[in-house]
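Here is the structure we will look at.
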Amino acid sequence: MKLTVAHLKRGQRGIIKEFSVDNVPLKLLEMGCLPGNQVELVQTAPFRDPMYLNINGSHLAIRKETALLIEIELI
Amino acid sequence: MGKQINVALIGNPNTGKTSVFNQLTGLNQQVGNYPGITVEKKEGICKLPRGLKAHILDLPGTYSLNASSLDENVVIELLLNKNDKDFPDVAVVVSDVENLKRNLLLFTQIKDLEIPTILVINMADRMKRKGITLDIDVLEEKLNTKIALVSARKNTGIDELKELILNYKNLSTEPCLHASIMDPEYFGRLRKAFPNQSLYKLWLVITQDVNFGNVNRHALNSTTNFHTKSTGDLKRLQQKETILRYQFINGLLKEGLSIDLNSATDLRIRFDRILTHRVWGYLIFFFILLIIFQAIYNWSSYPMDFIDSTFASLSEWAKNVMPVGPFTNLISEGIIPGLGGIVIFIPQIAFLFLFISILEESGYMSRVVFLMDRIMRRFGLSGKSVVPLVSGTACAIPAVMAARNIENWKERLITILVIPFTTCSARLPVYLIIIALVIPDETYFGLNLQGLTLMLLYLIGFGTAIFSAWILNQVLKIKSKSYFVIEMPNYKVPLVKNVAINVIEKTKSFVFGAGKIILAISIILWVLASYGPGENFSNAEEIVSAQHTQTVNSETGLEQEIAAYKLKHSYIGIIGRGIEPVVTPLGYDWKIGIAIVSSFAAREVFVGTLATIYSVGNDEEETIKNRMAAEVNPVLGGPLFTFASGVSLLLFYAFALQCMSTLAIVKKETNTWKWPILQLVIMSGFAYVVALIAFQVLK
């Protein structure tokens, strides 16, 4: 199974793997969600959706469906 | 006077760009914390040293030049159109010292357009607390720019910025990073095809779907000199561009910025642990809403009563002091009650905007979006619909505009369509006066019945909005790719000045904007009520006297009879009785009918209209409320405002779309008359049916 941002536990961190722009919106990239960057799950709303992330110092919230598109490696 | 320097203020949302704007221009605007607050075009004049002036344009906040919303389009369209009168001589990019990395992305893009650019690093006052140190010389050299270290909050660095703007001609227009390096071969061909254009500008024209004025996109695409790329290829190149820019920025900040984490303190985590908690978060949000509504209902009732009675005695005073005649009547019966109907709004609107702007300023609104997204999505809305829906309790017009920052078109459209169901402040005076008339002022278990009714009406409004969103979500077949990204800004203590300015500006624009309509309608109504056609009106005195030769018991009684007879045969009486058959089944008389019809200009006209109609020919009762309570139902006898007719009227106002301005703004935002007309017909039809049922069941 692919490990994605959606699988992070609260406080857990990962490194974003290469992804295809066909899936991930450009805007997310522009807000700092880039391959090689560190991502930490800060908080989730009920049903783990949306997810509040700290990506390399940028604090964002994205929906679970988007989080499922971003593959990571745990650290 | 010399030529003004055109300055464009550009920056990511939440960088304090609007604060910088306020400091530069001294014009009083507001700062917000959720994206989309600076959607309107804001401009001002800034006085520079040596008697020069700059024209400052505050552009909407944007994360990059790759537009994904209407607001962001505004920025690109301006920056790519040299013929625009606002085209900047110098671009000022505002960044936040804590989010420099992300903010610099936009900066490098703007530099690539070869426009003279200044970098403002704002919130410098937070550097110490965050343990941040900057090497300005390194940054200036690598970015080919001049940097102003500014704290808009503490008002430092603004003079340095003005000095830089003044000397904009010395700024380098050389890009700090050429986008063309991402695909030299492709850009080489582009260069050959269009030797006179900026390469990055061409690139933006190719990749963006916006209107660029003088640059013709189709001509560009149909040029055969170079092969156009597929959409997928272009997207991959955009991704590559973003990654390249970030690589450049990372390298730069390694040299130019250092953070000492030991001295950094962050309240964000501690606050978010509670405010976005899956239980506490919702409880706190609910509690905050409760406080807001309590404040609006309870605190504002005192100034409102005061305003009501003041205008009543003012009207009385004018009548006694001024010479008898039609002009005095126009003042005392038309203009003063009409004005009273406007002024009475001020306390509630001020309270509401006070709370909304505190929530925005502090950064809390973004947390609400985060908490509510999942729930709202179930109804075809987005977490970002919460802000428009909450603003809708102030006024639907800014609320519809606030829906702009919802990226998904379907979610945005549904939000716009259901906003008018939320209880806007214009409904409040209608509710308050009807509730005061028909709901007993009694307290059970410490809860006031009138207050509960008001709360219930708000819940009905909100519930209907949500429910119709759910229906629209099932009915509308719009495919739009959805994604949702929201920045969670750091918490800030709201600036008193910003909040105060916001409250004053919003209240002022509401009162004067709506006030003009209300006043005009009041005067028209007074004229229509004071004059009438034919003998019935002009000979009213003789006719009534003849009818009552025996039964007259007092002179005032006769006068009242005459006045009532006159009103009945005035122009407004004739119109009113024409529509009476339509409103009688709802339990209203023709006077309420007139008030409802004039409400279609704007709801708040209702109270003013009744005040005007009832004050014509009624000198006995001073306040609007007492006059209304004295009215008799023409069909059933007994008081006109009973529980049944009151509830019917409340429900009619809860559901009907009676606001021309809302229709106009919905037309503007959806770019078609289809949606506003549908809203008008469905909402008002529904309102009529519900009011009819309510009256027939309760009477």
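Each chain of the structure tokens is named A, B, ... in the order shown, its residues numbered from 1; ligands are numbered from 1 in display order.
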What are the closest atom pairs, with distances in Å to one decimal, for each residue of region 3-28 of chain A lying within 10 Å of region 62-72 of chain A, using only C-alpha atoms, rows by chain and rising residue number, as JSON lines?
{"residue": "A:Leu3", "atom": "CA", "partner": "A:Glu71", "partner_atom": "CA", "distance": 5.7}
{"residue": "A:Thr4", "atom": "CA", "partner": "A:Glu71", "partner_atom": "CA", "distance": 4.1}
{"residue": "A:Val5", "atom": "CA", "partner": "A:Ala67", "partner_atom": "CA", "distance": 5.1}
{"residue": "A:Ala6", "atom": "CA", "partner": "A:Ala67", "partner_atom": "CA", "distance": 4.9}
{"residue": "A:His7", "atom": "CA", "partner": "A:Leu68", "partner_atom": "CA", "distance": 7.9}
{"residue": "A:Leu8", "atom": "CA", "partner": "A:Ile72", "partner_atom": "CA", "distance": 9.2}
{"residue": "A:Arg13", "atom": "CA", "partner": "A:Ile72", "partner_atom": "CA", "distance": 9.1}
{"residue": "A:Gly14", "atom": "CA", "partner": "A:Ile72", "partner_atom": "CA", "distance": 5.7}
{"residue": "A:Ile15", "atom": "CA", "partner": "A:Ile72", "partner_atom": "CA", "distance": 5.2}
{"residue": "A:Ile16", "atom": "CA", "partner": "A:Ile72", "partner_atom": "CA", "distance": 4.4}
{"residue": "A:Lys17", "atom": "CA", "partner": "A:Ile72", "partner_atom": "CA", "distance": 5.1}
{"residue": "A:Glu18", "atom": "CA", "partner": "A:Glu71", "partner_atom": "CA", "distance": 7.5}
{"residue": "A:Phe19", "atom": "CA", "partner": "A:Ile70", "partner_atom": "CA", "distance": 6.8}
{"residue": "A:Ser20", "atom": "CA", "partner": "A:Leu69", "partner_atom": "CA", "distance": 9.1}
{"residue": "A:Asn23", "atom": "CA", "partner": "A:Leu69", "partner_atom": "CA", "distance": 6.7}
{"residue": "A:Val24", "atom": "CA", "partner": "A:Leu69", "partner_atom": "CA", "distance": 6.6}
{"residue": "A:Pro25", "atom": "CA", "partner": "A:Thr66", "partner_atom": "CA", "distance": 8.7}
{"residue": "A:Leu28", "atom": "CA", "partner": "A:Ile62", "partner_atom": "CA", "distance": 9.0}
Preceding selection exported with N, CA, C and O atoms as a short mmCIF file (atom, residue, chain, number, x, y, z; two decimals), in the first residue's frame:
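New file part.cif:
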data_model
loop_
_atom_site.label_atom_id
_atom_site.label_comp_id
_atom_site.auth_asym_id
_atom_site.auth_seq_id
_atom_site.Cartn_x
_atom_site.Cartn_y
_atom_site.Cartn_z
N LEU A 3 1.98 4.82 0.90
CA LEU A 3 1.85 5.64 2.10
C LEU A 3 1.67 7.10 1.66
O LEU A 3 2.47 7.62 0.89
N THR A 4 0.62 7.74 2.12
CA THR A 4 0.37 9.14 1.71
C THR A 4 0.21 10.03 2.94
O THR A 4 0.17 9.55 4.07
N VAL A 5 0.08 11.29 2.67
CA VAL A 5 -0.13 12.26 3.75
C VAL A 5 -1.37 11.90 4.58
O VAL A 5 -1.41 12.08 5.79
N ALA A 6 -2.36 11.32 3.91
CA ALA A 6 -3.60 10.97 4.60
C ALA A 6 -3.38 9.89 5.66
O ALA A 6 -4.22 9.69 6.53
N HIS A 7 -2.24 9.18 5.57
CA HIS A 7 -1.99 8.12 6.55
C HIS A 7 -1.20 8.58 7.76
O HIS A 7 -0.96 7.80 8.67
N LEU A 8 -0.79 9.83 7.76
CA LEU A 8 -0.01 10.33 8.89
C LEU A 8 -0.85 10.34 10.16
O LEU A 8 -2.05 10.59 10.12
N ARG A 13 5.71 12.80 11.10
CA ARG A 13 6.30 13.54 9.99
C ARG A 13 6.69 12.62 8.85
O ARG A 13 6.97 11.46 9.06
N GLY A 14 6.74 13.21 7.65
CA GLY A 14 7.18 12.44 6.49
C GLY A 14 7.85 13.36 5.49
O GLY A 14 7.82 14.58 5.63
N ILE A 15 8.48 12.72 4.49
CA ILE A 15 9.09 13.48 3.40
C ILE A 15 8.26 13.21 2.15
O ILE A 15 7.93 12.06 1.85
N ILE A 16 7.92 14.29 1.44
CA ILE A 16 7.08 14.14 0.25
C ILE A 16 7.90 13.52 -0.88
O ILE A 16 9.01 13.98 -1.18
N LYS A 17 7.34 12.46 -1.48
CA LYS A 17 8.02 11.80 -2.62
C LYS A 17 7.63 12.53 -3.90
O LYS A 17 6.74 13.37 -3.93
N GLU A 18 8.30 12.15 -4.99
CA GLU A 18 7.94 12.69 -6.30
C GLU A 18 6.48 12.42 -6.60
O GLU A 18 5.97 11.35 -6.27
N PHE A 19 5.81 13.40 -7.16
CA PHE A 19 4.43 13.13 -7.58
C PHE A 19 4.16 13.76 -8.93
O PHE A 19 4.94 14.58 -9.42
N SER A 20 3.06 13.36 -9.53
CA SER A 20 2.73 13.87 -10.85
C SER A 20 1.80 15.05 -10.72
O SER A 20 0.87 15.06 -9.93
N ASN A 23 -2.12 14.95 -10.90
CA ASN A 23 -3.01 14.66 -9.78
C ASN A 23 -3.09 15.83 -8.79
O ASN A 23 -4.14 16.15 -8.30
N VAL A 24 -1.93 16.38 -8.50
CA VAL A 24 -1.87 17.37 -7.43
C VAL A 24 -2.03 18.77 -8.02
O VAL A 24 -1.34 19.12 -8.96
N PRO A 25 -2.95 19.57 -7.49
CA PRO A 25 -3.13 20.92 -8.05
C PRO A 25 -1.87 21.76 -7.90
O PRO A 25 -1.16 21.69 -6.89
N LEU A 28 -1.20 23.86 -4.73
CA LEU A 28 -0.62 23.21 -3.56
C LEU A 28 0.90 23.27 -3.63
O LEU A 28 1.58 23.52 -2.64
#
### Message
With 12 Å as the limit and counting only C-alpha atoms, what residues in chain A lie close to chain B? Please list them as a ChimeraX atom specification.
### Response
/A:10-11,18-37,41-67,69
### Query
Separation of CA of Phe306 (chain B) and CA of Gly638 (chain B), in Å?
29.4 Å
### Every residue of region 437-586 of chain B that DSSP places in alpha helix (DSSP H), as a PyMOL selection string
chain B and resi 437-438+449-475+496-530+534-538+540-547+555-568+571-583
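Between CA of Leu166 (chain B) and CA of Gly44 (chain B) lies a distance of 15.9 Å.
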### B:Ile501, B:Val400, B:Val666, B:Val205 ranked by distance to Leu190 (chain B), top pick (using only C-alpha atoms)
B:Val205
#### Entry: chain A: residues DSSP assigns to strand (DSSP E), reported as a PyMOL selection string
chain A and resi 13-16+38-44+51-55+58-62+72-74
### Selection: 12 Å around Gly532 (chain B), only C-alpha atoms, excl. self and same-chain fewer than 3 positions, as a list in words
Trp526, Val527, Leu528, Ala529, Glu535, Asn536, Phe537, Ser538, Asn539, Ala540, Tyr565, Lys566, Leu567, Lys568, His569, Ser570, Tyr571, Ile572, Gly573, Ile574 and Ile575 of chain B
### Interatomic distance, CA of Ser315 (chain B) to CA of Ile336 (chain B) (Å, one decimal)
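Taking CA of Ser315 (chain B) and CA of Ile336 (chain B), their separation equals 6.0 Å.
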### Query
Any idea what's packed within 8 Å of Pro175 (chain B), counting only C-alpha atoms, ignoring anything in its chain fewer than 3 positions away? Could you give it as an MDAnalysis selection string?
chainID B and resid 108 111:114 143:144 178
Those residues you just picked out, can you put them in a file as a short mmCIF file (atom, residue, chain, number, x, y, z; two decimals), in the first residue's frame with all heavy atoms?
data_model
loop_
_atom_site.label_atom_id
_atom_site.label_comp_id
_atom_site.auth_asym_id
_atom_site.auth_seq_id
_atom_site.Cartn_x
_atom_site.Cartn_y
_atom_site.Cartn_z
N THR B 108 9.66 36.30 -7.23
CA THR B 108 10.52 35.94 -8.37
C THR B 108 9.73 35.94 -9.68
O THR B 108 10.27 36.26 -10.72
CB THR B 108 11.18 34.55 -8.17
OG1 THR B 108 10.16 33.55 -8.17
CG2 THR B 108 11.97 34.48 -6.89
N LYS B 111 9.39 39.62 -10.71
CA LYS B 111 10.68 40.08 -11.21
C LYS B 111 10.88 39.63 -12.65
O LYS B 111 11.48 40.32 -13.47
CB LYS B 111 11.82 39.53 -10.35
CG LYS B 111 12.18 40.38 -9.16
CD LYS B 111 12.70 41.74 -9.54
CE LYS B 111 14.21 41.75 -9.76
NZ LYS B 111 14.69 43.11 -10.10
N ASP B 112 10.40 38.45 -12.96
CA ASP B 112 10.56 37.88 -14.30
C ASP B 112 9.81 38.69 -15.36
O ASP B 112 10.08 38.56 -16.54
CB ASP B 112 10.08 36.43 -14.31
CG ASP B 112 11.11 35.50 -14.93
OD1 ASP B 112 12.07 36.01 -15.52
OD2 ASP B 112 10.94 34.27 -14.83
N LEU B 113 8.86 39.49 -14.92
CA LEU B 113 8.10 40.32 -15.86
C LEU B 113 8.86 41.60 -16.23
O LEU B 113 8.39 42.41 -17.01
CB LEU B 113 6.74 40.70 -15.28
CG LEU B 113 5.72 39.58 -15.17
CD1 LEU B 113 4.51 40.04 -14.38
CD2 LEU B 113 5.30 39.12 -16.55
N GLU B 114 10.04 41.77 -15.63
CA GLU B 114 10.90 42.93 -15.91
C GLU B 114 10.24 44.26 -15.56
O GLU B 114 10.36 45.26 -16.26
CB GLU B 114 11.39 42.89 -17.36
CG GLU B 114 12.27 41.67 -17.61
CD GLU B 114 12.49 41.36 -19.09
OE1 GLU B 114 12.36 42.28 -19.90
OE2 GLU B 114 12.81 40.20 -19.40
N LEU B 143 18.47 38.91 -5.23
CA LEU B 143 17.13 39.13 -5.79
C LEU B 143 17.10 40.32 -6.75
O LEU B 143 16.06 40.62 -7.33
CB LEU B 143 16.11 39.35 -4.66
CG LEU B 143 15.82 38.15 -3.76
CD1 LEU B 143 14.98 38.56 -2.57
CD2 LEU B 143 15.10 37.05 -4.54
N ASN B 144 18.23 40.98 -6.92
CA ASN B 144 18.29 42.15 -7.81
C ASN B 144 17.26 43.21 -7.43
O ASN B 144 16.54 43.72 -8.28
CB ASN B 144 18.02 41.76 -9.26
CG ASN B 144 19.28 41.37 -9.96
OD1 ASN B 144 20.36 41.86 -9.61
ND2 ASN B 144 19.17 40.50 -10.94
N HIS B 178 15.48 33.37 -14.42
CA HIS B 178 14.79 33.33 -15.70
C HIS B 178 13.99 32.04 -15.82
O HIS B 178 14.56 30.95 -15.78
CB HIS B 178 15.79 33.40 -16.86
CG HIS B 178 16.41 34.75 -17.01
ND1 HIS B 178 15.81 35.76 -17.71
CD2 HIS B 178 17.57 35.27 -16.51
CE1 HIS B 178 16.58 36.83 -17.67
NE2 HIS B 178 17.64 36.56 -16.93
#
### Query
Which residues, written as a list in words, have at least one atom at most 8 Å from Cys395 (chain B), with only C-alpha atoms counted and residues fewer than 2 positions away on the same chain left out?
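Using only C-alpha atoms, the neighbours found are Ser391, Gly392, Thr393, Ile397, Pro398, Ala399, Cys424, Ser425 and Ala426 of chain B.
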